[in-house]
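Enquirer: Provided below: model.csv, containing CSV, C-alpha atoms.
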chain,number,residue,atom,x,y,z
G,1326,MET,CA,1.2,-14.9,2.7
G,1327,LYS,CA,1.3,-18.4,4.2
G,1328,LEU,CA,1.6,-18.8,8.0
G,1329,VAL,CA,3.8,-21.9,8.6
G,1330,ARG,CA,4.2,-21.6,12.4
G,1331,LYS,CA,3.4,-19.3,15.3
G,1332,ASP,CA,5.0,-19.6,18.7
G,1333,LEU,CA,4.0,-16.8,21.1
G,1334,GLU,CA,4.5,-16.8,24.9
G,1335,LYS,CA,2.1,-15.3,27.4
G,1336,ASP,CA,4.0,-12.0,27.4
G,1337,ASN,CA,3.6,-11.9,23.6
G,1338,ALA,CA,7.3,-12.6,23.0
G,1339,GLY,CA,8.1,-15.3,20.4
G,1340,GLN,CA,8.4,-16.0,16.7
G,1341,VAL,CA,6.4,-16.6,13.6
G,1342,THR,CA,7.4,-18.4,10.4
G,1343,LEU,CA,5.9,-17.1,7.1
G,1344,ILE,CA,6.2,-17.6,3.4
G,1345,PRO,CA,5.5,-14.5,1.2
G,1346,GLU,CA,3.6,-15.6,-1.9
G,1347,GLU,CA,2.5,-12.3,-3.6
G,1348,PRO,CA,4.5,-9.1,-4.3
G,1349,GLU,CA,2.2,-7.3,-1.8
G,1350,ASP,CA,3.4,-9.7,0.9
G,1351,MET,CA,6.8,-7.9,0.8
G,1352,TRP,CA,4.9,-4.8,1.9
G,1353,HIS,CA,3.3,-6.6,4.7
G,1354,THR,CA,6.7,-8.0,5.8
G,1355,TYR,CA,8.2,-4.5,5.7
G,1356,ASN,CA,5.5,-3.4,8.1
G,1357,LEU,CA,6.2,-6.4,10.4
G,1358,LEU,CA,9.9,-5.8,10.6
G,1359,GLN,CA,11.5,-3.5,13.2
G,1360,VAL,CA,15.0,-2.6,14.2
G,1361,GLY,CA,16.1,-5.0,17.0
G,1362,ASP,CA,14.0,-7.9,15.7
G,1363,SER,CA,15.6,-11.2,14.9
G,1364,LEU,CA,15.2,-12.5,11.3
G,1365,ARG,CA,16.2,-16.0,10.2
G,1366,ALA,CA,16.2,-16.7,6.5
G,1367,SER,CA,18.1,-18.4,3.7
G,1368,THR,CA,20.6,-16.1,1.9
G,1369,ILE,CA,23.6,-16.1,-0.5
G,1370,ARG,CA,27.0,-15.4,1.0
G,1371,LYS,CA,30.3,-15.0,-0.9
G,1372,VAL,CA,32.9,-17.2,0.8
G,1373,GLN,CA,36.6,-17.1,0.1
G,1374,THR,CA,38.3,-20.5,-0.4
G,1375,GLU,CA,41.9,-21.5,-0.4
G,1376,SER,CA,43.1,-24.5,-2.5
G,1377,ALA,CA,45.9,-26.9,-1.6
G,1378,THR,CA,48.2,-24.9,-3.9
G,1379,GLY,CA,47.5,-21.7,-2.0
G,1380,SER,CA,45.4,-20.0,-4.7
G,1381,VAL,CA,42.4,-18.1,-3.3
G,1382,GLY,CA,39.0,-18.2,-5.0
G,1383,SER,CA,35.5,-17.3,-4.0
G,1384,ASN,CA,32.2,-19.2,-4.1
G,1385,ARG,CA,28.6,-18.1,-3.6
G,1386,ILE,CA,27.1,-20.4,-1.0
G,1387,ARG,CA,23.4,-20.5,0.1
G,1388,THR,CA,23.2,-20.6,3.9
G,1389,THR,CA,20.7,-19.8,6.6
G,1390,LEU,CA,21.5,-16.8,8.8
G,1391,THR,CA,19.9,-15.2,11.9
G,1392,LEU,CA,20.4,-11.5,11.9
G,1393,CYS,CA,19.6,-8.8,14.5
G,1394,VAL,CA,17.9,-6.3,12.3
G,1395,GLU,CA,19.6,-2.9,11.9
G,1396,ALA,CA,18.2,-1.4,8.7
G,1397,ILE,CA,15.2,-2.2,6.4
G,1398,ASP,CA,15.0,-1.0,2.8
G,1399,PHE,CA,11.8,-1.5,0.7
G,1400,ASP,CA,11.5,-0.7,-3.0
G,1401,SER,CA,7.7,-0.3,-3.5
G,1402,GLN,CA,7.9,-0.4,-7.3
G,1403,ALA,CA,9.9,-3.6,-7.5
G,1404,CYS,CA,8.4,-5.0,-4.3
G,1405,GLN,CA,11.9,-5.9,-3.1
G,1406,LEU,CA,12.9,-6.0,0.6
G,1407,ARG,CA,16.4,-5.9,1.9
G,1408,VAL,CA,17.3,-6.3,5.6
G,1409,LYS,CA,20.7,-5.5,7.0
G,1410,GLY,CA,22.0,-6.7,10.3
G,1411,THR,CA,24.6,-8.6,12.3
G,1412,ASN,CA,24.8,-12.3,12.6
G,1413,ILE,CA,23.7,-13.5,16.0
G,1414,GLN,CA,23.9,-17.3,15.5
G,1415,GLU,CA,26.8,-19.7,14.9
G,1416,ASN,CA,27.4,-20.3,11.2
G,1417,GLU,CA,30.2,-22.1,9.4
G,1418,TYR,CA,30.5,-19.3,6.8
G,1419,VAL,CA,29.7,-16.1,8.7
G,1420,LYS,CA,31.4,-15.0,11.9
G,1421,MET,CA,29.3,-13.9,14.9
G,1422,GLY,CA,28.7,-10.1,14.8
G,1423,ALA,CA,29.5,-9.9,11.0
G,1424,TYR,CA,27.3,-7.7,8.9
G,1425,HIS,CA,25.1,-9.3,6.2
G,1426,THR,CA,22.2,-8.2,4.0
G,1427,ILE,CA,19.3,-10.6,3.4
G,1428,GLU,CA,17.1,-10.1,0.4
G,1429,LEU,CA,13.7,-11.6,1.2
G,1430,GLU,CA,12.2,-13.5,-1.7
G,1431,PRO,CA,8.7,-14.7,-2.7
G,1432,ASN,CA,8.1,-18.4,-1.9
G,1433,ARG,CA,11.1,-18.6,0.5
G,1434,GLN,CA,10.2,-18.8,4.1
G,1435,PHE,CA,11.6,-16.7,6.9
G,1436,THR,CA,11.2,-16.7,10.7
G,1437,LEU,CA,10.8,-13.4,12.6
G,1438,ALA,CA,11.3,-13.2,16.3
G,1439,LYS,CA,10.2,-10.2,18.5
G,1440,LYS,CA,10.4,-9.4,22.2
G,1441,GLN,CA,6.9,-8.0,22.0
G,1442,TRP,CA,4.2,-8.8,19.3
G,1443,ASP,CA,1.6,-6.0,19.6
G,1444,SER,CA,-2.0,-6.1,18.4
G,1445,VAL,CA,-1.3,-4.1,15.2
G,1446,VAL,CA,1.4,-6.4,14.0
G,1447,LEU,CA,-0.6,-9.5,14.8
G,1448,GLU,CA,-3.6,-8.1,12.9
G,1449,ARG,CA,-1.4,-7.4,9.9
G,1450,ILE,CA,-0.4,-11.1,9.9
G,1451,GLU,CA,-4.0,-12.1,9.9
G,1452,GLN,CA,-4.8,-9.8,7.0
G,1453,ALA,CA,-1.7,-10.9,5.0
G,1454,CYS,CA,-2.7,-14.6,5.4
G,1455,ASP,CA,-6.3,-14.0,4.4
G,1456,PRO,CA,-6.7,-15.0,0.7
G,1457,ALA,CA,-9.6,-12.5,0.3
G,1458,TRP,CA,-7.2,-9.6,0.5
G,1459,SER,CA,-5.6,-9.9,-2.9
G,1460,ALA,CA,-5.4,-7.3,-5.7
G,1461,ASP,CA,-8.8,-7.4,-7.4
G,1462,VAL,CA,-9.1,-3.9,-8.7
G,1463,ALA,CA,-7.2,-2.3,-11.6
G,1464,ALA,CA,-7.4,1.3,-12.8
G,1465,VAL,CA,-6.5,3.3,-15.9
G,1466,VAL,CA,-6.3,7.0,-15.0
G,1467,MET,CA,-6.0,9.1,-18.2
G,1468,GLN,CA,-6.2,12.4,-20.0
G,1469,GLU,CA,-5.1,13.1,-23.6
G,1470,GLY,CA,-1.5,12.1,-23.9
G,1471,LEU,CA,-1.0,10.8,-20.3
G,1472,ALA,CA,-2.2,7.5,-18.7
G,1473,HIS,CA,-1.3,5.6,-15.5
G,1474,VAL,CA,-2.1,1.9,-15.3
G,1475,CYS,CA,-2.4,0.9,-11.6
G,1476,LEU,CA,-3.2,-2.1,-9.5
G,1477,VAL,CA,-5.3,-1.2,-6.4
G,1478,MET,CA,-4.3,-3.7,-3.8
G,1479,PRO,CA,-5.6,-3.8,-0.2
G,1480,SER,CA,-2.5,-2.2,1.1
G,1481,MET,CA,-0.9,-0.3,-1.8
G,1482,THR,CA,-1.6,1.3,-5.1
G,1483,LEU,CA,1.1,0.1,-7.6
G,1484,THR,CA,1.7,2.1,-10.8
G,1485,ARG,CA,2.4,-0.6,-13.3
G,1486,ALA,CA,2.8,1.6,-16.4
G,1487,LYS,CA,2.9,5.2,-17.3
G,1488,VAL,CA,2.1,6.1,-20.9
G,1489,GLU,CA,3.0,9.6,-22.3
G,1490,VAL,CA,2.5,10.6,-25.9
G,1491,ASN,CA,2.8,14.2,-27.3
G,1492,ILE,CA,-0.6,15.0,-28.9
G,1493,PRO,CA,-0.5,17.9,-31.4
G,1494,ARG,CA,-3.4,20.4,-31.3
G,1495,LYS,CA,-6.2,20.1,-33.8
G,1496,ARG,CA,-5.7,22.6,-36.6
G,1497,LYS,CA,-8.5,24.1,-38.7
G,1498,GLY,CA,-9.2,21.9,-41.6
G,1499,ASN,CA,-6.4,19.4,-40.7
G,1500,CYS,CA,-6.9,17.0,-37.7
G,1501,SER,CA,-4.9,14.1,-39.1
G,1502,GLN,CA,-1.7,14.6,-37.0
G,1503,HIS,CA,-3.8,15.0,-33.8
G,1504,ASP,CA,-5.9,11.9,-34.6
G,1505,ARG,CA,-2.8,9.7,-35.5
G,1506,ALA,CA,-1.1,10.7,-32.3
G,1507,LEU,CA,-4.2,10.0,-30.3
G,1508,GLU,CA,-4.6,6.5,-31.9
G,1509,ARG,CA,-0.9,5.8,-31.1
G,1510,PHE,CA,-1.5,6.8,-27.5
G,1511,TYR,CA,-4.6,4.6,-27.2
G,1512,GLU,CA,-2.8,1.6,-28.7
G,1513,GLN,CA,0.0,2.0,-26.1
G,1514,VAL,CA,-2.5,2.1,-23.2
G,1515,VAL,CA,-4.2,-1.0,-24.6
G,1516,GLN,CA,-0.9,-2.8,-24.7
G,1517,ALA,CA,-0.1,-1.7,-21.1
G,1518,ILE,CA,-3.5,-3.1,-19.9
G,1519,GLN,CA,-2.9,-6.5,-21.5
G,1520,ARG,CA,0.7,-6.6,-20.2
G,1521,HIS,CA,0.0,-5.6,-16.6
G,1522,ILE,CA,-3.6,-6.6,-15.7
G,1523,ASN,CA,-4.3,-10.2,-14.7
G,1524,PHE,CA,-8.0,-10.7,-15.6
G,1525,GLU,CA,-8.1,-14.0,-13.7
G,1526,VAL,CA,-7.7,-12.1,-10.5
G,1527,VAL,CA,-9.1,-8.6,-11.3
G,1528,LYS,CA,-12.8,-8.1,-10.8
G,1529,CYS,CA,-13.1,-4.6,-12.0
G,1530,VAL,CA,-11.0,-2.2,-14.2
G,1531,LEU,CA,-11.8,1.5,-13.6
G,1532,VAL,CA,-11.2,3.8,-16.6
G,1533,ALA,CA,-11.1,7.3,-15.3
G,1534,SER,CA,-10.6,10.6,-17.1
G,1535,PRO,CA,-11.9,14.2,-17.5
G,1536,GLY,CA,-14.2,14.9,-20.4
G,1537,PHE,CA,-14.9,12.2,-23.1
G,1538,VAL,CA,-11.4,10.7,-23.1
G,1539,ARG,CA,-12.5,7.5,-21.3
G,1540,GLU,CA,-15.5,6.9,-23.7
G,1541,GLN,CA,-13.3,7.5,-26.8
G,1542,PHE,CA,-10.6,5.2,-25.5
G,1543,CYS,CA,-13.0,2.4,-24.6
G,1544,ASP,CA,-14.7,2.7,-28.0
G,1545,TYR,CA,-11.3,2.4,-29.7
G,1546,MET,CA,-10.1,-0.5,-27.5
G,1547,PHE,CA,-13.2,-2.7,-28.1
G,1548,GLN,CA,-13.4,-1.8,-31.8
G,1549,GLN,CA,-9.8,-3.0,-32.2
G,1550,ALA,CA,-10.5,-6.1,-30.1
G,1551,VAL,CA,-13.3,-7.0,-32.5
G,1552,LYS,CA,-11.1,-6.4,-35.5
G,1553,THR,CA,-8.2,-8.5,-34.1
G,1554,ASP,CA,-10.5,-11.1,-32.4
G,1555,ASN,CA,-8.8,-10.2,-29.0
G,1556,LYS,CA,-10.6,-12.8,-26.8
G,1557,LEU,CA,-8.9,-11.5,-23.6
G,1558,LEU,CA,-10.5,-8.0,-23.9
G,1559,LEU,CA,-13.8,-9.2,-25.4
G,1560,GLU,CA,-14.4,-11.8,-22.7
G,1561,ASN,CA,-13.6,-9.3,-19.9
G,1562,ARG,CA,-15.5,-6.3,-21.4
G,1563,SER,CA,-18.1,-6.3,-18.5
G,1564,LYS,CA,-15.3,-5.7,-16.0
G,1565,PHE,CA,-14.5,-2.2,-17.4
G,1566,LEU,CA,-16.2,0.6,-15.5
G,1567,GLN,CA,-16.0,4.2,-16.8
G,1568,VAL,CA,-15.8,7.0,-14.2
G,1569,HIS,CA,-14.9,10.7,-14.0
G,1570,SER,CA,-11.5,12.0,-12.7
G,1571,SER,CA,-10.1,15.5,-12.9
G,1572,SER,CA,-6.9,14.4,-14.6
G,1573,GLY,CA,-4.7,11.5,-15.7
G,1574,HIS,CA,-2.4,11.7,-12.7
G,1575,LYS,CA,-2.2,9.0,-10.1
G,1576,TYR,CA,-3.6,11.2,-7.3
G,1577,ALA,CA,-6.9,11.6,-9.3
G,1578,LEU,CA,-7.5,7.9,-8.6
G,1579,LYS,CA,-9.0,8.9,-5.2
G,1580,GLU,CA,-11.8,10.8,-7.0
G,1581,ALA,CA,-12.6,7.7,-9.1
G,1582,LEU,CA,-12.8,5.5,-6.0
G,1583,CYS,CA,-15.2,8.0,-4.4
G,1584,ASP,CA,-17.7,7.6,-7.3
G,1585,PRO,CA,-20.9,6.0,-5.9
G,1586,ALA,CA,-21.1,3.6,-8.9
G,1587,VAL,CA,-17.6,2.5,-8.0
G,1588,THR,CA,-18.1,2.2,-4.2
G,1589,SER,CA,-21.1,0.0,-4.7
G,1590,ARG,CA,-19.2,-2.3,-7.1
G,1591,LEU,CA,-16.1,-2.4,-4.8
G,1592,SER,CA,-18.0,-2.5,-1.6
G,1593,ASP,CA,-16.1,-5.5,-0.4
G,1594,THR,CA,-12.6,-4.0,-1.0
G,1595,LYS,CA,-10.5,-2.4,1.7
G,1596,ALA,CA,-9.4,0.4,-0.6
G,1597,ALA,CA,-13.0,1.6,-1.2
G,1598,GLY,CA,-13.6,1.5,2.6
G,1599,GLU,CA,-10.6,3.7,3.3
G,1600,VAL,CA,-11.6,6.3,0.7
G,1601,LYS,CA,-15.1,6.4,2.1
G,1602,ALA,CA,-13.8,6.8,5.7
G,1603,LEU,CA,-11.6,9.7,4.7
G,1604,ASP,CA,-14.4,11.3,2.7
G,1605,ASP,CA,-16.7,11.1,5.7
G,1606,PHE,CA,-14.0,12.7,7.8
G,1607,TYR,CA,-13.6,15.7,5.4
G,1608,LYS,CA,-17.4,16.1,5.3
G,1609,MET,CA,-17.6,16.1,9.1
G,1610,LEU,CA,-14.7,18.6,9.3
G,1611,GLN,CA,-16.6,20.9,7.0
G,1612,HIS,CA,-20.1,20.7,8.5
G,1613,GLU,CA,-19.4,19.7,12.2
G,1614,PRO,CA,-15.8,20.5,13.0
G,1615,ASP,CA,-16.3,19.6,16.7
G,1616,ARG,CA,-16.8,16.0,15.6
G,1617,ALA,CA,-13.7,15.7,13.4
G,1618,PHE,CA,-10.2,15.8,15.1
G,1619,TYR,CA,-6.7,15.2,13.7
G,1620,GLY,CA,-3.3,15.3,15.3
G,1621,LEU,CA,-2.2,12.8,18.0
G,1622,LYS,CA,-2.9,15.1,21.1
G,1623,HIS,CA,-6.4,16.1,20.0
G,1624,VAL,CA,-7.3,12.5,19.0
G,1625,GLU,CA,-5.9,11.1,22.3
G,1626,ARG,CA,-8.0,13.6,24.3
G,1627,ALA,CA,-11.1,12.7,22.3
G,1628,ASN,CA,-10.3,9.0,23.1
G,1629,GLU,CA,-10.1,9.8,26.9
G,1630,ALA,CA,-13.6,11.2,26.6
G,1631,MET,CA,-14.6,7.9,24.9
G,1632,ALA,CA,-15.9,10.0,22.0
G,1633,ILE,CA,-14.2,8.3,19.0
G,1634,ASP,CA,-16.5,6.5,16.6
G,1635,THR,CA,-13.9,5.9,13.8
G,1636,LEU,CA,-10.1,6.2,14.1
G,1637,LEU,CA,-8.2,6.8,10.9
G,1638,ILE,CA,-4.5,6.0,11.3
G,1639,SER,CA,-1.6,5.5,8.8
G,1640,ASP,CA,0.5,2.4,8.9
G,1641,GLU,CA,3.6,4.6,8.6
G,1642,LEU,CA,3.2,5.6,12.3
G,1643,PHE,CA,3.7,2.0,13.4
G,1644,ARG,CA,7.1,1.9,11.7
G,1645,HIS,CA,8.4,4.6,14.0
G,1646,GLN,CA,11.9,3.8,15.2
G,1647,ASP,CA,11.2,5.1,18.8
G,1648,VAL,CA,9.6,2.2,20.7
G,1649,ALA,CA,7.7,4.5,23.1
G,1650,THR,CA,6.2,6.5,20.3
G,1651,ARG,CA,5.1,3.3,18.4
G,1652,ALA,CA,3.7,1.9,21.7
G,1653,ARG,CA,1.6,5.2,22.1
G,1654,TYR,CA,-0.1,4.6,18.7
G,1655,VAL,CA,-0.7,0.9,19.4
G,1656,LYS,CA,-2.2,1.9,22.8
G,1657,LEU,CA,-4.5,4.4,21.0
G,1658,VAL,CA,-5.7,1.7,18.6
G,1659,ASP,CA,-6.4,-0.8,21.4
G,1660,SER,CA,-8.2,1.7,23.5
G,1661,VAL,CA,-10.5,2.8,20.7
G,1662,ARG,CA,-11.4,-0.8,20.0
G,1663,GLU,CA,-12.1,-1.4,23.7
G,1664,ASN,CA,-14.5,1.6,23.6
G,1665,MET,CA,-16.4,-0.1,20.7
G,1666,GLY,CA,-14.9,2.3,18.1
G,1667,THR,CA,-13.9,1.3,14.5
G,1668,VAL,CA,-10.2,1.5,13.6
G,1669,ARG,CA,-9.1,1.9,10.0
G,1670,ILE,CA,-5.4,1.4,9.4
G,1671,PHE,CA,-4.6,3.2,6.1
G,1672,SER,CA,-1.7,2.2,3.9
G,1673,SER,CA,0.8,5.0,3.2
G,1674,LEU,CA,1.2,3.5,-0.3
G,1675,HIS,CA,-2.5,4.2,-1.1
G,1676,VAL,CA,-3.6,7.6,-2.4
G,1677,SER,CA,-6.0,7.9,0.6
G,1678,GLY,CA,-3.1,7.0,2.9
G,1679,GLU,CA,-1.0,9.8,1.4
G,1680,GLN,CA,-3.8,12.3,2.1
G,1681,LEU,CA,-4.1,11.1,5.7
G,1682,GLY,CA,-0.4,11.5,6.0
G,1683,GLN,CA,-0.8,15.2,5.2
G,1684,LEU,CA,-3.2,15.4,8.3
G,1685,THR,CA,-0.4,14.1,10.6
G,1686,GLY,CA,-1.4,10.5,9.8
G,1687,VAL,CA,-4.0,10.2,12.6
G,1688,ALA,CA,-7.6,11.5,12.6
G,1689,ALA,CA,-10.9,10.7,14.2
G,1690,ILE,CA,-14.6,11.0,13.5
G,1691,LEU,CA,-16.4,11.5,16.9
G,1692,ARG,CA,-19.7,10.1,18.2
G,1693,PHE,CA,-20.6,13.5,19.7
G,1694,PRO,CA,-19.2,17.0,19.6
G,1695,VAL,CA,-16.3,17.7,22.0
G,1696,ALA,CA,-15.8,21.4,21.5
G,1697,GLU,CA,-13.8,22.1,24.7
G,1698,LEU,CA,-10.9,20.0,23.5
G,1699,SER,CA,-9.8,22.5,20.8
G,1700,ASP,CA,-10.2,25.3,23.4
G,1701,GLN,CA,-8.0,23.4,25.9
G,1702,GLU,CA,-5.3,22.9,23.2
G,1703,ASP,CA,-5.4,26.7,22.4
G,1704,GLU,CA,-5.0,27.6,26.1
G,1705,SER,CA,-2.1,25.1,26.7
G,1706,SER,CA,-0.3,26.3,23.5
G,1707,SER,CA,-0.7,30.0,24.6
G,1708,GLU,CA,0.7,29.1,28.1
G,1709,GLU,CA,3.7,27.4,26.5
G,1710,ASP,CA,4.4,30.6,24.5
For the file at hand, write its structure as structure tokens.
Expert:
Amino acid sequence: MKLVRKDLEKDNAGQVTLIPEEPEDMWHTYNLLQVGDSLRASTIRKVQTESATGSVGSNRIRTTLTLCVEAIDFDSQACQLRVKGTNIQENEYVKMGAYHTIELEPNRQFTLAKKQWDSVVLERIEQACDPAWSADVAAVVMQEGLAHVCLVMPSMTLTRAKVEVNIPRKRKGNCSQHDRALERFYEQVVQAIQRHINFEVVKCVLVASPGFVREQFCDYMFQQAVKTDNKLLLENRSKFLQVHSSSGHKYALKEALCDPAVTSRLSDTKAAGEVKALDDFYKMLQHEPDRAFYGLKHVERANEAMAIDTLLISDELFRHQDVATRARYVKLVDSVRENMGTVRIFSSLHVSGEQLGQLTGVAAILRFPVAELSDQEDESSSEED
């Protein structure tokens, strides 16, 4: 993402002009937009024209509109973002108050104005404009007959290809059908890797599976690469890292990212940091439950006691339509930082973010045990009953 201009007032009202450059920038933009914001961007509008003879035709005209945002639709697989709203600025083709949908496009700038730019939104702009935050990890999660080729970006895990091949069972004295199907499966996975992984950007490709599937696959892939003189795979052989996972489904990627060999190799990536923080939380919940809280009320009370060491929070919560609820989450983040705590904002499009979402989307690892909080909560809930 490229920041073209930033005009903010003392009360944090104002506007920013940005140019999305990567598919992931659409995800950042989706998180920046809220209902009630003002969005100015170039768009295509169908305009009816009447000729001198009275015949009516229609032309598609590119024009710049300013909309008051009413609905936001994001397609995570295609990384497409559509914003619907009403026109709030004079335009020769579109009446004031008329509805229009703008499809934001890569490499085309837009200007976003808000009545209040809070700390979470401003931090996201900083992250989006930092070139170090690009997709530098790829993963192939596989089992016999099923594979997912994914890109692990700082803010989302994108499934780029799913390969499914029916593998017949081995039969006594006749394994040819099984072996042929397995070879066909491996070949399709190799093609998916070459089609969807950009080795100029990717620093590491995780190959994760149960059993010996990953070893057999990698042996096949590099044997074929030598036979066909595939320079792309041979030159990037050192980037492939084999790790264990329980299955070939996308959710098993979390296990692969938890592997110590992987975390040391990916120590500088946000995805690995998120997975480690969530893993630490679960360990704390198991061994010292008075130092691991989840749920907004519990976490807020822990924060009042200045006990939060690490706050884990899902970015989904900052897209809440209710302004007061959103402000409550922003206030929590700001307060934890003021108290010298660490804040990790998880992406709801990451496997770790999905898991955090199952724990209400907000959790905390505490500096010291705060046992009475859970007792207070139990007492207040019994009083309500």
Enquirer: List every residue of stretch 1468-1533 of chain G that has an atom at most 7 Å from any atom of stretch 1568-1573 of chain G, giving for each one its closest atom pair and the distance in Å to one decimal, counting only C-alpha atoms, sorted by chain and then by ascending residue number, as a tab-separated table.
Expert:
residue	atom	partner	partner_atom	distance
G:Gln1468	CA	G:Gly1573	CA	4.6
G:Leu1471	CA	G:Gly1573	CA	5.9
G:Ala1472	CA	G:Gly1573	CA	5.6
G:His1473	CA	G:Gly1573	CA	6.8
G:Leu1531	CA	G:Val1568	CA	6.8
G:Val1532	CA	G:Val1568	CA	6.1
G:Ala1533	CA	G:Val1568	CA	4.8
Enquirer: Nearest residue to G:Ser1367 out of G:Phe1542, G:Phe1537, G:Tyr1576, G:Phe1435, using all atoms listed in the file?
Expert: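 Among the listed residues, G:Phe1435 lies closest to G:Ser1367.
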Enquirer: Go through G:Asp1634, G:Val1527, G:Arg1520, G:Pro1535 and flag the residue nearest G:Ala1581, using only C-alpha atoms for the distances.
Expert: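 Comparing G:Asp1634, G:Val1527, G:Arg1520, G:Pro1535 against G:Ala1581, the winner is G:Pro1535.
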Enquirer: Between G:Pro1493, G:Pro1345, G:Gly1686, G:Gly1339, which has the minimum distance to G:Lys1440 (counting all atoms listed in the file)?
Expert: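 With all atoms listed in the file as the atom set, the closest residue is G:Gly1339.
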Enquirer: Can you pull out the residues contacting G:Thr1342? Cut-off 10 Å, using only C-alpha atoms, and skip same-chain residues under 5 positions away; I want them as a ChimeraX atom specification.
Expert: /G:1327-1332,1364-1366,1434-1438
Enquirer: Considering all atoms listed in the file, state which residue in the set G:Phe1618, G:Tyr1418, G:Phe1671, G:Phe1693 is at the smallest distance from G:Asn1384.
Expert: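 Going through G:Phe1618, G:Tyr1418, G:Phe1671, G:Phe1693 one by one, the smallest distance to G:Asn1384 is for G:Tyr1418.
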Enquirer: Rounded to one decimal in Å, what is the spacing between atom CA of G:Pro1348 and atom CA of G:Glu1451?
Expert: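 Distance reported for this atom pair: 16.8 Å.
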Enquirer: Could you tell me which of G:Val1687, G:Glu1430, G:Glu1346, G:Gln1402 comes closest to G:Ile1369 if we count all atoms listed in the file?
Expert: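 Of G:Val1687, G:Glu1430, G:Glu1346, G:Gln1402, the one nearest G:Ile1369, counting all atoms listed in the file, is G:Glu1430.
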Enquirer: Measure the distance from atom CA of G:Thr1685 to atom CA of G:Leu1642 in Å and round it to one decimal.
Expert: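 Computing the Euclidean distance for atom CA of G:Thr1685 and atom CA of G:Leu1642 yields 9.4 Å.
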Enquirer: At what distance in Å, to one decimal, does atom CA of G:Ala1486 lie from atom CA of G:Leu1357?
Expert: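 Answer for the atom CA of G:Leu1357 to atom CA of G:Ala1486 separation: 28.2 Å.
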